[in-house]
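Reproduced below: start_19.pdb, with PDB, C-alpha atoms.
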```
ATOM      1  CA  MET A   1      19.921 -12.841 -15.777  1.00  0.00           C
ATOM      2  CA  SER A   2      20.757 -13.479 -12.132  1.00  0.00           C
ATOM      3  CA  ASN A   3      22.885 -10.442 -11.295  1.00  0.00           C
ATOM      4  CA  LEU A   4      20.038  -7.936 -11.556  1.00  0.00           C
ATOM      5  CA  HIS A   5      20.353  -7.008  -7.889  1.00  0.00           C
ATOM      6  CA  GLU A   6      23.910  -5.786  -8.543  1.00  0.00           C
ATOM      7  CA  LEU A   7      22.819  -3.212 -11.122  1.00  0.00           C
ATOM      8  CA  LYS A   8      21.701   0.344 -10.551  1.00  0.00           C
ATOM      9  CA  CYS A   9      18.651   1.994 -12.100  1.00  0.00           C
ATOM     10  CA  GLU A  10      19.349   4.218 -15.078  1.00  0.00           C
ATOM     11  CA  ALA A  11      17.788   7.656 -15.202  1.00  0.00           C
ATOM     12  CA  CYS A  12      14.524   7.254 -17.050  1.00  0.00           C
ATOM     13  CA  HIS A  13      13.164   9.739 -19.563  1.00  0.00           C
ATOM     14  CA  ILE A  14       9.787  10.217 -21.185  1.00  0.00           C
ATOM     15  CA  ASP A  15       9.210   7.423 -23.705  1.00  0.00           C
ATOM     16  CA  ALA A  16      12.055   5.374 -22.243  1.00  0.00           C
ATOM     17  CA  PRO A  17      12.169   2.053 -24.094  1.00  0.00           C
ATOM     18  CA  LYS A  18      10.103  -0.770 -22.683  1.00  0.00           C
ATOM     19  CA  VAL A  19      11.744  -4.186 -22.455  1.00  0.00           C
ATOM     20  CA  THR A  20      11.085  -6.492 -25.403  1.00  0.00           C
ATOM     21  CA  ASP A  21       9.215  -9.764 -24.864  1.00  0.00           C
ATOM     22  CA  LEU A  22      12.503 -11.641 -25.160  1.00  0.00           C
ATOM     23  CA  GLU A  23      14.236  -9.429 -22.589  1.00  0.00           C
ATOM     24  CA  LEU A  24      11.226  -9.790 -20.313  1.00  0.00           C
ATOM     25  CA  GLU A  25      11.366 -13.595 -20.405  1.00  0.00           C
ATOM     26  CA  GLU A  26      15.108 -13.567 -19.804  1.00  0.00           C
ATOM     27  CA  MET A  27      15.012 -11.142 -16.889  1.00  0.00           C
ATOM     28  CA  LEU A  28      12.023 -12.866 -15.273  1.00  0.00           C
ATOM     29  CA  GLN A  29      14.229 -15.920 -14.775  1.00  0.00           C
ATOM     30  CA  GLY A  30      16.264 -13.894 -12.297  1.00  0.00           C
ATOM     31  CA  ILE A  31      13.157 -12.943 -10.296  1.00  0.00           C
ATOM     32  CA  SER A  32      11.080 -16.082 -10.597  1.00  0.00           C
ATOM     33  CA  GLN A  33       8.672 -15.248  -7.785  1.00  0.00           C
ATOM     34  CA  TRP A  34       7.385 -12.133  -9.516  1.00  0.00           C
ATOM     35  CA  ARG A  35       4.505 -12.200 -11.925  1.00  0.00           C
ATOM     36  CA  VAL A  36       3.717  -9.882 -14.772  1.00  0.00           C
ATOM     37  CA  ILE A  37       0.269  -8.363 -14.432  1.00  0.00           C
ATOM     38  CA  GLU A  38      -1.479  -5.803 -16.584  1.00  0.00           C
ATOM     39  CA  ARG A  39      -3.287  -2.907 -14.938  1.00  0.00           C
ATOM     40  CA  ASP A  40      -5.011  -0.246 -17.037  1.00  0.00           C
ATOM     41  CA  GLY A  41      -3.187  -1.620 -20.066  1.00  0.00           C
ATOM     42  CA  ILE A  42       0.223  -1.219 -18.409  1.00  0.00           C
ATOM     43  CA  LYS A  43       2.438  -4.206 -17.636  1.00  0.00           C
ATOM     44  CA  GLN A  44       3.723  -4.324 -14.067  1.00  0.00           C
ATOM     45  CA  LEU A  45       5.817  -6.668 -11.912  1.00  0.00           C
ATOM     46  CA  GLU A  46       4.040  -7.761  -8.744  1.00  0.00           C
ATOM     47  CA  ARG A  47       4.938  -9.930  -5.781  1.00  0.00           C
ATOM     48  CA  GLU A  48       3.226 -10.570  -2.457  1.00  0.00           C
ATOM     49  CA  PHE A  49       5.312 -11.094   0.667  1.00  0.00           C
ATOM     50  CA  THR A  50       3.724 -12.612   3.759  1.00  0.00           C
ATOM     51  CA  PHE A  51       4.755 -12.081   7.371  1.00  0.00           C
ATOM     52  CA  LYS A  52       3.743 -13.310  10.803  1.00  0.00           C
ATOM     53  CA  ASN A  53       2.309 -10.002  11.920  1.00  0.00           C
ATOM     54  CA  PHE A  54       1.811  -6.349  11.051  1.00  0.00           C
ATOM     55  CA  LYS A  55       5.090  -5.109  12.523  1.00  0.00           C
ATOM     56  CA  LEU A  56       7.229  -7.401  10.367  1.00  0.00           C
ATOM     57  CA  ALA A  57       5.267  -6.444   7.260  1.00  0.00           C
ATOM     58  CA  TRP A  58       5.607  -2.760   8.162  1.00  0.00           C
ATOM     59  CA  ALA A  59       9.384  -3.078   8.651  1.00  0.00           C
ATOM     60  CA  PHE A  60       9.692  -4.718   5.238  1.00  0.00           C
ATOM     61  CA  SER A  61       7.604  -2.019   3.563  1.00  0.00           C
ATOM     62  CA  ASN A  62       9.965   0.586   5.021  1.00  0.00           C
ATOM     63  CA  LYS A  63      12.949  -1.241   3.549  1.00  0.00           C
ATOM     64  CA  ILE A  64      11.296  -1.079   0.134  1.00  0.00           C
ATOM     65  CA  ALA A  65      10.569   2.628   0.574  1.00  0.00           C
ATOM     66  CA  GLU A  66      14.269   3.164   1.392  1.00  0.00           C
ATOM     67  CA  LEU A  67      15.222   1.198  -1.710  1.00  0.00           C
ATOM     68  CA  ALA A  68      12.862   3.336  -3.795  1.00  0.00           C
ATOM     69  CA  GLU A  69      14.480   6.534  -2.586  1.00  0.00           C
ATOM     70  CA  ALA A  70      17.976   5.127  -3.133  1.00  0.00           C
ATOM     71  CA  GLU A  71      17.135   4.125  -6.710  1.00  0.00           C
ATOM     72  CA  PHE A  72      15.017   7.194  -7.510  1.00  0.00           C
ATOM     73  CA  HIS A  73      12.395   4.744  -8.699  1.00  0.00           C
ATOM     74  CA  HIS A  74       9.130   4.331  -6.828  1.00  0.00           C
ATOM     75  CA  PRO A  75       6.843   1.304  -6.707  1.00  0.00           C
ATOM     76  CA  THR A  76       3.414   0.856  -5.231  1.00  0.00           C
ATOM     77  CA  ILE A  77       3.766  -0.659  -1.759  1.00  0.00           C
ATOM     78  CA  THR A  78       0.603  -2.030  -0.186  1.00  0.00           C
ATOM     79  CA  LEU A  79       0.893  -2.795   3.507  1.00  0.00           C
ATOM     80  CA  GLU A  80      -1.734  -4.753   5.384  1.00  0.00           C
ATOM     81  CA  TRP A  81      -1.772  -7.160   8.325  1.00  0.00           C
ATOM     82  CA  GLY A  82       0.873  -9.821   7.604  1.00  0.00           C
ATOM     83  CA  LYS A  83       1.281  -8.921   3.952  1.00  0.00           C
ATOM     84  CA  VAL A  84       3.121  -6.505   1.690  1.00  0.00           C
ATOM     85  CA  THR A  85       2.420  -6.324  -2.032  1.00  0.00           C
ATOM     86  CA  VAL A  86       5.046  -4.584  -4.142  1.00  0.00           C
ATOM     87  CA  CYS A  87       4.427  -3.491  -7.694  1.00  0.00           C
ATOM     88  CA  TRP A  88       7.122  -2.056  -9.975  1.00  0.00           C
ATOM     89  CA  TRP A  89       6.654  -0.430 -13.345  1.00  0.00           C
ATOM     90  CA  SER A  90       7.968   2.612 -15.169  1.00  0.00           C
ATOM     91  CA  HIS A  91       5.603   5.535 -15.532  1.00  0.00           C
ATOM     92  CA  SER A  92       7.834   7.121 -18.165  1.00  0.00           C
ATOM     93  CA  ALA A  93       7.925   3.947 -20.271  1.00  0.00           C
ATOM     94  CA  LYS A  94       4.240   3.212 -19.552  1.00  0.00           C
ATOM     95  CA  GLY A  95       5.266  -0.357 -18.891  1.00  0.00           C
ATOM     96  CA  LEU A  96       8.249  -2.433 -17.879  1.00  0.00           C
ATOM     97  CA  HIS A  97      11.769  -1.039 -18.146  1.00  0.00           C
ATOM     98  CA  LYS A  98      14.957  -2.818 -17.110  1.00  0.00           C
ATOM     99  CA  ASN A  99      14.902  -0.667 -13.950  1.00  0.00           C
ATOM    100  CA  ASP A 100      11.814  -2.533 -12.756  1.00  0.00           C
ATOM    101  CA  PHE A 101      13.560  -5.887 -12.933  1.00  0.00           C
ATOM    102  CA  ILE A 102      16.590  -4.468 -11.113  1.00  0.00           C
ATOM    103  CA  CYS A 103      14.343  -3.104  -8.362  1.00  0.00           C
ATOM    104  CA  ALA A 104      12.355  -6.349  -8.122  1.00  0.00           C
ATOM    105  CA  ALA A 105      15.619  -8.268  -7.626  1.00  0.00           C
ATOM    106  CA  LYS A 106      16.697  -5.753  -4.980  1.00  0.00           C
ATOM    107  CA  THR A 107      13.299  -6.076  -3.295  1.00  0.00           C
ATOM    108  CA  ASP A 108      13.902  -9.819  -2.951  1.00  0.00           C
ATOM    109  CA  ARG A 109      17.249  -9.053  -1.308  1.00  0.00           C
ATOM    110  CA  CYS A 110      15.466  -6.896   1.289  1.00  0.00           C
ATOM    111  CA  LEU A 111      13.965 -10.102   2.679  1.00  0.00           C
ATOM    112  CA  GLU A 112      17.373 -11.411   3.663  1.00  0.00           C
TER     113      GLU A 112
ATOM    114  CA  MET B 113     -20.773  12.491  14.939  1.00  0.00           C
ATOM    115  CA  SER B 114     -17.736  14.777  15.034  1.00  0.00           C
ATOM    116  CA  ASN B 115     -15.878  13.449  18.068  1.00  0.00           C
ATOM    117  CA  LEU B 116     -14.943  10.126  16.499  1.00  0.00           C
ATOM    118  CA  HIS B 117     -11.244  10.903  16.736  1.00  0.00           C
ATOM    119  CA  GLU B 118     -11.564  11.081  20.537  1.00  0.00           C
ATOM    120  CA  LEU B 119     -12.814   7.506  20.837  1.00  0.00           C
ATOM    121  CA  LYS B 120     -10.796   4.325  21.145  1.00  0.00           C
ATOM    122  CA  CYS B 121     -11.368   1.130  19.181  1.00  0.00           C
ATOM    123  CA  GLU B 122     -13.240  -1.589  21.020  1.00  0.00           C
ATOM    124  CA  ALA B 123     -11.882  -5.121  20.953  1.00  0.00           C
ATOM    125  CA  CYS B 124     -13.537  -6.814  18.015  1.00  0.00           C
ATOM    126  CA  HIS B 125     -14.744 -10.389  18.027  1.00  0.00           C
ATOM    127  CA  ILE B 126     -15.825 -12.790  15.315  1.00  0.00           C
ATOM    128  CA  ASP B 127     -19.201 -11.697  13.961  1.00  0.00           C
ATOM    129  CA  ALA B 128     -18.889  -8.290  15.605  1.00  0.00           C
ATOM    130  CA  PRO B 129     -21.914  -6.211  14.622  1.00  0.00           C
ATOM    131  CA  LYS B 130     -21.635  -4.152  11.477  1.00  0.00           C
ATOM    132  CA  VAL B 131     -22.904  -0.575  11.613  1.00  0.00           C
ATOM    133  CA  THR B 132     -26.471  -0.081  10.442  1.00  0.00           C
ATOM    134  CA  ASP B 133     -27.186   2.088   7.394  1.00  0.00           C
ATOM    135  CA  LEU B 134     -28.411   4.849   9.700  1.00  0.00           C
ATOM    136  CA  GLU B 135     -25.277   4.721  11.858  1.00  0.00           C
ATOM    137  CA  LEU B 136     -23.158   4.686   8.710  1.00  0.00           C
ATOM    138  CA  GLU B 137     -24.781   7.868   7.364  1.00  0.00           C
ATOM    139  CA  GLU B 138     -24.439   9.580  10.731  1.00  0.00           C
ATOM    140  CA  MET B 139     -20.794   8.665  11.254  1.00  0.00           C
ATOM    141  CA  LEU B 140     -19.841   9.524   7.667  1.00  0.00           C
ATOM    142  CA  GLN B 141     -20.737  13.134   8.429  1.00  0.00           C
ATOM    143  CA  GLY B 142     -17.787  13.238  10.808  1.00  0.00           C
ATOM    144  CA  ILE B 143     -15.389  11.985   8.114  1.00  0.00           C
ATOM    145  CA  SER B 144     -16.804  13.628   5.021  1.00  0.00           C
ATOM    146  CA  GLN B 145     -13.756  13.067   2.830  1.00  0.00           C
ATOM    147  CA  TRP B 146     -14.017   9.300   3.067  1.00  0.00           C
ATOM    148  CA  ARG B 147     -16.068   7.248   0.685  1.00  0.00           C
ATOM    149  CA  VAL B 148     -17.690   3.897   1.191  1.00  0.00           C
ATOM    150  CA  ILE B 149     -16.560   1.393  -1.398  1.00  0.00           C
ATOM    151  CA  GLU B 150     -17.394  -2.269  -1.758  1.00  0.00           C
ATOM    152  CA  ARG B 151     -14.619  -4.756  -2.459  1.00  0.00           C
ATOM    153  CA  ASP B 152     -15.356  -8.475  -2.754  1.00  0.00           C
ATOM    154  CA  GLY B 153     -18.795  -7.781  -1.292  1.00  0.00           C
ATOM    155  CA  ILE B 154     -17.323  -6.092   1.798  1.00  0.00           C
ATOM    156  CA  LYS B 155     -17.951  -2.427   2.566  1.00  0.00           C
ATOM    157  CA  GLN B 156     -14.812  -0.419   3.295  1.00  0.00           C
ATOM    158  CA  LEU B 157     -13.910   3.205   4.046  1.00  0.00           C
ATOM    159  CA  GLU B 158     -11.356   4.630   1.644  1.00  0.00           C
ATOM    160  CA  ARG B 159      -9.575   7.948   1.281  1.00  0.00           C
ATOM    161  CA  GLU B 160      -6.685   9.086  -0.908  1.00  0.00           C
ATOM    162  CA  PHE B 161      -4.167  11.575   0.446  1.00  0.00           C
ATOM    163  CA  THR B 162      -1.864  13.405  -1.946  1.00  0.00           C
ATOM    164  CA  PHE B 163       1.585  14.783  -1.202  1.00  0.00           C
ATOM    165  CA  LYS B 164       4.299  16.738  -2.997  1.00  0.00           C
ATOM    166  CA  ASN B 165       6.730  13.844  -3.139  1.00  0.00           C
ATOM    167  CA  PHE B 166       7.434  10.286  -2.060  1.00  0.00           C
ATOM    168  CA  LYS B 167       9.080  11.157   1.251  1.00  0.00           C
ATOM    169  CA  LEU B 168       6.069  13.072   2.548  1.00  0.00           C
ATOM    170  CA  ALA B 169       3.729  10.282   1.477  1.00  0.00           C
ATOM    171  CA  TRP B 170       6.008   7.718   3.130  1.00  0.00           C
ATOM    172  CA  ALA B 171       6.104   9.687   6.400  1.00  0.00           C
ATOM    173  CA  PHE B 172       2.307   9.841   6.426  1.00  0.00           C
ATOM    174  CA  SER B 173       1.990   6.113   5.763  1.00  0.00           C
ATOM    175  CA  ASN B 174       4.228   5.475   8.774  1.00  0.00           C
ATOM    176  CA  LYS B 175       1.972   7.617  10.953  1.00  0.00           C
ATOM    177  CA  ILE B 176      -0.986   5.483   9.886  1.00  0.00           C
ATOM    178  CA  ALA B 177       0.947   2.290  10.623  1.00  0.00           C
ATOM    179  CA  GLU B 178       1.687   3.653  14.119  1.00  0.00           C
ATOM    180  CA  LEU B 179      -1.992   4.457  14.572  1.00  0.00           C
ATOM    181  CA  ALA B 180      -2.890   0.922  13.483  1.00  0.00           C
ATOM    182  CA  GLU B 181      -0.603  -0.603  16.080  1.00  0.00           C
ATOM    183  CA  ALA B 182      -1.879   1.757  18.784  1.00  0.00           C
ATOM    184  CA  GLU B 183      -5.495   0.857  18.026  1.00  0.00           C
ATOM    185  CA  PHE B 184      -4.872  -2.857  17.388  1.00  0.00           C
ATOM    186  CA  HIS B 185      -6.783  -2.341  14.164  1.00  0.00           C
ATOM    187  CA  HIS B 186      -5.048  -2.593  10.807  1.00  0.00           C
ATOM    188  CA  PRO B 187      -6.013  -0.959   7.521  1.00  0.00           C
ATOM    189  CA  THR B 188      -4.641  -1.390   4.045  1.00  0.00           C
ATOM    190  CA  ILE B 189      -2.097   1.371   3.383  1.00  0.00           C
ATOM    191  CA  THR B 190      -1.025   1.845  -0.213  1.00  0.00           C
ATOM    192  CA  LEU B 191       2.024   4.034  -0.663  1.00  0.00           C
ATOM    193  CA  GLU B 192       3.101   5.335  -4.041  1.00  0.00           C
ATOM    194  CA  TRP B 193       4.828   8.471  -5.344  1.00  0.00           C
ATOM    195  CA  GLY B 194       2.945  11.447  -3.889  1.00  0.00           C
ATOM    196  CA  LYS B 195      -0.061   9.439  -2.753  1.00  0.00           C
ATOM    197  CA  VAL B 196      -1.262   7.295   0.124  1.00  0.00           C
ATOM    198  CA  THR B 197      -4.545   5.410  -0.029  1.00  0.00           C
ATOM    199  CA  VAL B 198      -5.933   4.196   3.285  1.00  0.00           C
ATOM    200  CA  CYS B 199      -8.696   1.657   3.548  1.00  0.00           C
ATOM    201  CA  TRP B 200     -10.364   0.671   6.825  1.00  0.00           C
ATOM    202  CA  TRP B 201     -12.766  -2.186   7.419  1.00  0.00           C
ATOM    203  CA  SER B 202     -13.284  -4.885  10.011  1.00  0.00           C
ATOM    204  CA  HIS B 203     -12.309  -8.400   9.036  1.00  0.00           C
ATOM    205  CA  SER B 204     -14.209  -9.836  11.994  1.00  0.00           C
ATOM    206  CA  ALA B 205     -17.411  -7.994  11.067  1.00  0.00           C
ATOM    207  CA  LYS B 206     -16.829  -8.594   7.341  1.00  0.00           C
ATOM    208  CA  GLY B 207     -17.711  -4.961   6.793  1.00  0.00           C
ATOM    209  CA  LEU B 208     -17.804  -1.647   8.600  1.00  0.00           C
ATOM    210  CA  HIS B 209     -17.700  -1.484  12.390  1.00  0.00           C
ATOM    211  CA  LYS B 210     -17.653   1.672  14.482  1.00  0.00           C
ATOM    212  CA  ASN B 211     -13.902   1.104  14.927  1.00  0.00           C
ATOM    213  CA  ASP B 212     -13.378   1.867  11.243  1.00  0.00           C
ATOM    214  CA  PHE B 213     -14.989   5.280  11.540  1.00  0.00           C
ATOM    215  CA  ILE B 214     -12.934   6.030  14.653  1.00  0.00           C
ATOM    216  CA  CYS B 215      -9.744   5.071  12.827  1.00  0.00           C
ATOM    217  CA  ALA B 216     -10.708   7.055   9.719  1.00  0.00           C
ATOM    218  CA  ALA B 217     -11.220  10.151  11.894  1.00  0.00           C
ATOM    219  CA  LYS B 218      -7.855   9.537  13.564  1.00  0.00           C
ATOM    220  CA  THR B 219      -6.240   9.093  10.142  1.00  0.00           C
ATOM    221  CA  ASP B 220      -7.470  12.567   9.189  1.00  0.00           C
ATOM    222  CA  ARG B 221      -5.864  13.932  12.365  1.00  0.00           C
ATOM    223  CA  CYS B 222      -2.520  12.433  11.290  1.00  0.00           C
ATOM    224  CA  LEU B 223      -2.445  15.023   8.500  1.00  0.00           C
ATOM    225  CA  GLU B 224      -2.285  17.865  10.992  1.00  0.00           C
TER     226      GLU B 224
END
```
Show me, as structure tokens, the structure contained in the file I just sent.
Amino acid sequence: MSNLHELKCEACHIDAPKVTDLELEEMLQGISQWRVIERDGIKQLEREFTFKNFKLAWAFSNKIAELAEAEFHHPTITLEWGKVTVCWWSHSAKGLHKNDFICAAKTDRCLE
Amino acid sequence: MSNLHELKCEACHIDAPKVTDLELEEMLQGISQWRVIERDGIKQLEREFTFKNFKLAWAFSNKIAELAEAEFHHPTITLEWGKVTVCWWSHSAKGLHKNDFICAAKTDRCLE
């Protein structure tokens, strides 16, 4: 699924459905630089972005924060010297929801 | 040591001296809400700050990024919904340098 970045997050509710394994594999193809990690038993999408200095990393982290507010969906953004790590998952689904894949694809677009 | 926030970071060099255990205990008194953690064998100062929403947390994380640039010393800043976690340590000293305590004290002042 390569048009993820064109979609908009749906409003999420408690016990929103997690993606199935098949959906996960399919949607990961559209965001091939993200990896699925498991933290405290909860699947998350994570990607590290590297930059030449702190200022560039900081500017990127602000773009992701803007995206989060626009989508009403909030990741973990870790900013350090020359690196930003972004992690998307859905608290309400306690795992990965389609919204996370949409936001990961939009995060990639923020690099452009 | 309660005037840490009035000091300025010194330029750090490779193998800059780490604080001694005695200095650590003394300086921690000035930043009592920080805890010393060890990550990958490296001591770090960490504090979590909670906020009512994402925007307030985001604004605070930007203040810390500004502080980092002003001090030429860069922490790890983790921004998520309603929470910012700040972690200071000195890469060159591979542990805690006086600069980290100065920056932790200045981080606290950013809340005001």
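Using all atoms listed in the file, the nearest neighbour of chain B within the list A:Arg39, A:Lys18, A:His74, A:Lys83 is A:His74.
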### Task
Could the residues of chain A within 12 Å of chain B, counting all atoms listed in the file, be given as a PyMOL selection string, please?
chain A and resi 53-59+61-70+72-91
Reference chain A, mobile chain B, all Cα atoms fitted, written as an mmCIF file with C-alpha atoms, in the frame of the given file:
```
data_model
loop_
_atom_site.group_PDB
_atom_site.id
_atom_site.type_symbol
_atom_site.label_atom_id
_atom_site.label_comp_id
_atom_site.auth_asym_id
_atom_site.auth_seq_id
_atom_site.Cartn_x
_atom_site.Cartn_y
_atom_site.Cartn_z
ATOM 1 C CA MET B 113 19.915 -12.851 -15.782
ATOM 2 C CA SER B 114 20.741 -13.486 -12.125
ATOM 3 C CA ASN B 115 22.866 -10.453 -11.286
ATOM 4 C CA LEU B 116 20.039 -7.940 -11.552
ATOM 5 C CA HIS B 117 20.348 -7.005 -7.896
ATOM 6 C CA GLU B 118 23.910 -5.793 -8.546
ATOM 7 C CA LEU B 119 22.819 -3.218 -11.117
ATOM 8 C CA LYS B 120 21.699 0.347 -10.549
ATOM 9 C CA CYS B 121 18.653 1.994 -12.098
ATOM 10 C CA GLU B 122 19.350 4.212 -15.077
ATOM 11 C CA ALA B 123 17.785 7.656 -15.207
ATOM 12 C CA CYS B 124 14.519 7.243 -17.050
ATOM 13 C CA HIS B 125 13.162 9.723 -19.550
ATOM 14 C CA ILE B 126 9.783 10.215 -21.170
ATOM 15 C CA ASP B 127 9.188 7.424 -23.676
ATOM 16 C CA ALA B 128 12.043 5.372 -22.246
ATOM 17 C CA PRO B 129 12.163 2.051 -24.088
ATOM 18 C CA LYS B 130 10.102 -0.772 -22.677
ATOM 19 C CA VAL B 131 11.743 -4.190 -22.455
ATOM 20 C CA THR B 132 11.085 -6.491 -25.390
ATOM 21 C CA ASP B 133 9.217 -9.766 -24.855
ATOM 22 C CA LEU B 134 12.509 -11.642 -25.156
ATOM 23 C CA GLU B 135 14.241 -9.433 -22.584
ATOM 24 C CA LEU B 136 11.225 -9.784 -20.308
ATOM 25 C CA GLU B 137 11.374 -13.597 -20.398
ATOM 26 C CA GLU B 138 15.118 -13.560 -19.795
ATOM 27 C CA MET B 139 15.010 -11.133 -16.880
ATOM 28 C CA LEU B 140 12.022 -12.865 -15.271
ATOM 29 C CA GLN B 141 14.225 -15.916 -14.767
ATOM 30 C CA GLY B 142 16.264 -13.886 -12.297
ATOM 31 C CA ILE B 143 13.156 -12.939 -10.293
ATOM 32 C CA SER B 144 11.077 -16.078 -10.597
ATOM 33 C CA GLN B 145 8.667 -15.247 -7.785
ATOM 34 C CA TRP B 146 7.383 -12.140 -9.520
ATOM 35 C CA ARG B 147 4.503 -12.197 -11.928
ATOM 36 C CA VAL B 148 3.713 -9.876 -14.775
ATOM 37 C CA ILE B 149 0.272 -8.362 -14.429
ATOM 38 C CA GLU B 150 -1.481 -5.806 -16.580
ATOM 39 C CA ARG B 151 -3.289 -2.906 -14.936
ATOM 40 C CA ASP B 152 -5.012 -0.239 -17.028
ATOM 41 C CA GLY B 153 -3.192 -1.623 -20.064
ATOM 42 C CA ILE B 154 0.223 -1.221 -18.406
ATOM 43 C CA LYS B 155 2.438 -4.207 -17.636
ATOM 44 C CA GLN B 156 3.725 -4.323 -14.066
ATOM 45 C CA LEU B 157 5.816 -6.668 -11.911
ATOM 46 C CA GLU B 158 4.043 -7.761 -8.751
ATOM 47 C CA ARG B 159 4.941 -9.935 -5.788
ATOM 48 C CA GLU B 160 3.228 -10.573 -2.457
ATOM 49 C CA PHE B 161 5.316 -11.092 0.663
ATOM 50 C CA THR B 162 3.731 -12.618 3.751
ATOM 51 C CA PHE B 163 4.759 -12.082 7.357
ATOM 52 C CA LYS B 164 3.745 -13.313 10.802
ATOM 53 C CA ASN B 165 2.305 -9.995 11.909
ATOM 54 C CA PHE B 166 1.815 -6.345 11.043
ATOM 55 C CA LYS B 167 5.092 -5.109 12.515
ATOM 56 C CA LEU B 168 7.228 -7.397 10.365
ATOM 57 C CA ALA B 169 5.266 -6.446 7.258
ATOM 58 C CA TRP B 170 5.607 -2.761 8.154
ATOM 59 C CA ALA B 171 9.381 -3.073 8.643
ATOM 60 C CA PHE B 172 9.693 -4.715 5.231
ATOM 61 C CA SER B 173 7.606 -2.016 3.560
ATOM 62 C CA ASN B 174 9.965 0.590 5.018
ATOM 63 C CA LYS B 175 12.953 -1.237 3.548
ATOM 64 C CA ILE B 176 11.296 -1.076 0.132
ATOM 65 C CA ALA B 177 10.568 2.632 0.569
ATOM 66 C CA GLU B 178 14.265 3.169 1.385
ATOM 67 C CA LEU B 179 15.223 1.202 -1.714
ATOM 68 C CA ALA B 180 12.858 3.342 -3.792
ATOM 69 C CA GLU B 181 14.480 6.540 -2.589
ATOM 70 C CA ALA B 182 17.976 5.131 -3.138
ATOM 71 C CA GLU B 183 17.137 4.127 -6.708
ATOM 72 C CA PHE B 184 15.022 7.203 -7.517
ATOM 73 C CA HIS B 185 12.399 4.746 -8.700
ATOM 74 C CA HIS B 186 9.127 4.339 -6.836
ATOM 75 C CA PRO B 187 6.842 1.312 -6.711
ATOM 76 C CA THR B 188 3.411 0.860 -5.235
ATOM 77 C CA ILE B 189 3.766 -0.663 -1.758
ATOM 78 C CA THR B 190 0.609 -2.031 -0.189
ATOM 79 C CA LEU B 191 0.897 -2.795 3.502
ATOM 80 C CA GLU B 192 -1.729 -4.761 5.373
ATOM 81 C CA TRP B 193 -1.759 -7.174 8.322
ATOM 82 C CA GLY B 194 0.880 -9.825 7.599
ATOM 83 C CA LYS B 195 1.289 -8.926 3.941
ATOM 84 C CA VAL B 196 3.125 -6.507 1.683
ATOM 85 C CA THR B 197 2.423 -6.325 -2.035
ATOM 86 C CA VAL B 198 5.044 -4.581 -4.150
ATOM 87 C CA CYS B 199 4.426 -3.486 -7.695
ATOM 88 C CA TRP B 200 7.122 -2.058 -9.972
ATOM 89 C CA TRP B 201 6.658 -0.425 -13.349
ATOM 90 C CA SER B 202 7.969 2.616 -15.167
ATOM 91 C CA HIS B 203 5.605 5.536 -15.538
ATOM 92 C CA SER B 204 7.842 7.119 -18.167
ATOM 93 C CA ALA B 205 7.929 3.945 -20.270
ATOM 94 C CA LYS B 206 4.249 3.218 -19.554
ATOM 95 C CA GLY B 207 5.264 -0.359 -18.881
ATOM 96 C CA LEU B 208 8.254 -2.433 -17.875
ATOM 97 C CA HIS B 209 11.776 -1.043 -18.142
ATOM 98 C CA LYS B 210 14.954 -2.819 -17.102
ATOM 99 C CA ASN B 211 14.908 -0.667 -13.946
ATOM 100 C CA ASP B 212 11.819 -2.530 -12.756
ATOM 101 C CA PHE B 213 13.561 -5.887 -12.929
ATOM 102 C CA ILE B 214 16.584 -4.464 -11.108
ATOM 103 C CA CYS B 215 14.339 -3.103 -8.362
ATOM 104 C CA ALA B 216 12.357 -6.349 -8.120
ATOM 105 C CA ALA B 217 15.621 -8.267 -7.623
ATOM 106 C CA LYS B 218 16.698 -5.753 -4.976
ATOM 107 C CA THR B 219 13.297 -6.076 -3.289
ATOM 108 C CA ASP B 220 13.899 -9.819 -2.950
ATOM 109 C CA ARG B 221 17.253 -9.061 -1.306
ATOM 110 C CA CYS B 222 15.468 -6.898 1.285
ATOM 111 C CA LEU B 223 13.958 -10.103 2.678
ATOM 112 C CA GLU B 224 17.369 -11.417 3.654
#
```
### Task
List the neighbours of A:Trp34 out to 10 Å using only C-alpha atoms; skip same-chain residues closer than 2 positions along the sequence, and give me the result as an MDAnalysis selection string.
chainID A and resid 28:32 36:37 44:48 86:87 101 104:105 108
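Computed from the coordinates, the atom CA of A:Asp40 to atom CA of A:Glu23 distance equals 22.0 Å.
From atom CA of B:His117 back to atom CA of B:Cys215, the distance works out to 7.2 Å.
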Assuming the chain letters and numbering stay as they are in my file, what does the PyMOL selection byres ((chain A and resi 9) around 9) actually select? List them as an mmCIF file with C-alpha atoms, keeping the file's coordinate frame.
```
data_model
loop_
_atom_site.group_PDB
_atom_site.id
_atom_site.type_symbol
_atom_site.label_atom_id
_atom_site.label_comp_id
_atom_site.auth_asym_id
_atom_site.auth_seq_id
_atom_site.Cartn_x
_atom_site.Cartn_y
_atom_site.Cartn_z
ATOM 1 C CA LEU A 7 22.819 -3.212 -11.122
ATOM 2 C CA LYS A 8 21.701 0.344 -10.551
ATOM 3 C CA GLU A 10 19.349 4.218 -15.078
ATOM 4 C CA ALA A 11 17.788 7.656 -15.202
ATOM 5 C CA CYS A 12 14.524 7.254 -17.050
ATOM 6 C CA GLU A 71 17.135 4.125 -6.710
ATOM 7 C CA PHE A 72 15.017 7.194 -7.510
ATOM 8 C CA HIS A 73 12.395 4.744 -8.699
ATOM 9 C CA LYS A 98 14.957 -2.818 -17.110
ATOM 10 C CA ASN A 99 14.902 -0.667 -13.950
ATOM 11 C CA ASP A 100 11.814 -2.533 -12.756
ATOM 12 C CA ILE A 102 16.590 -4.468 -11.113
ATOM 13 C CA CYS A 103 14.343 -3.104 -8.362
#
```
### Message
Between atom CA of A:Leu96 and atom CA of A:Glu25, what distance in Å does the model show, to one decimal?
### Response
11.9 Å
Around all the atoms of stretch 191-196 of chain B listed in the file, with 4 Å of room on each side, what axis-aligned box do you get, giving centre and edge lengths in Å to one decimal, as AutoDock Vina command-line options?
```
--center_x 1.8 --center_y 7.7 --center_z -2.6 --size_x 14.1 --size_y 15.4 --size_z 13.5
```
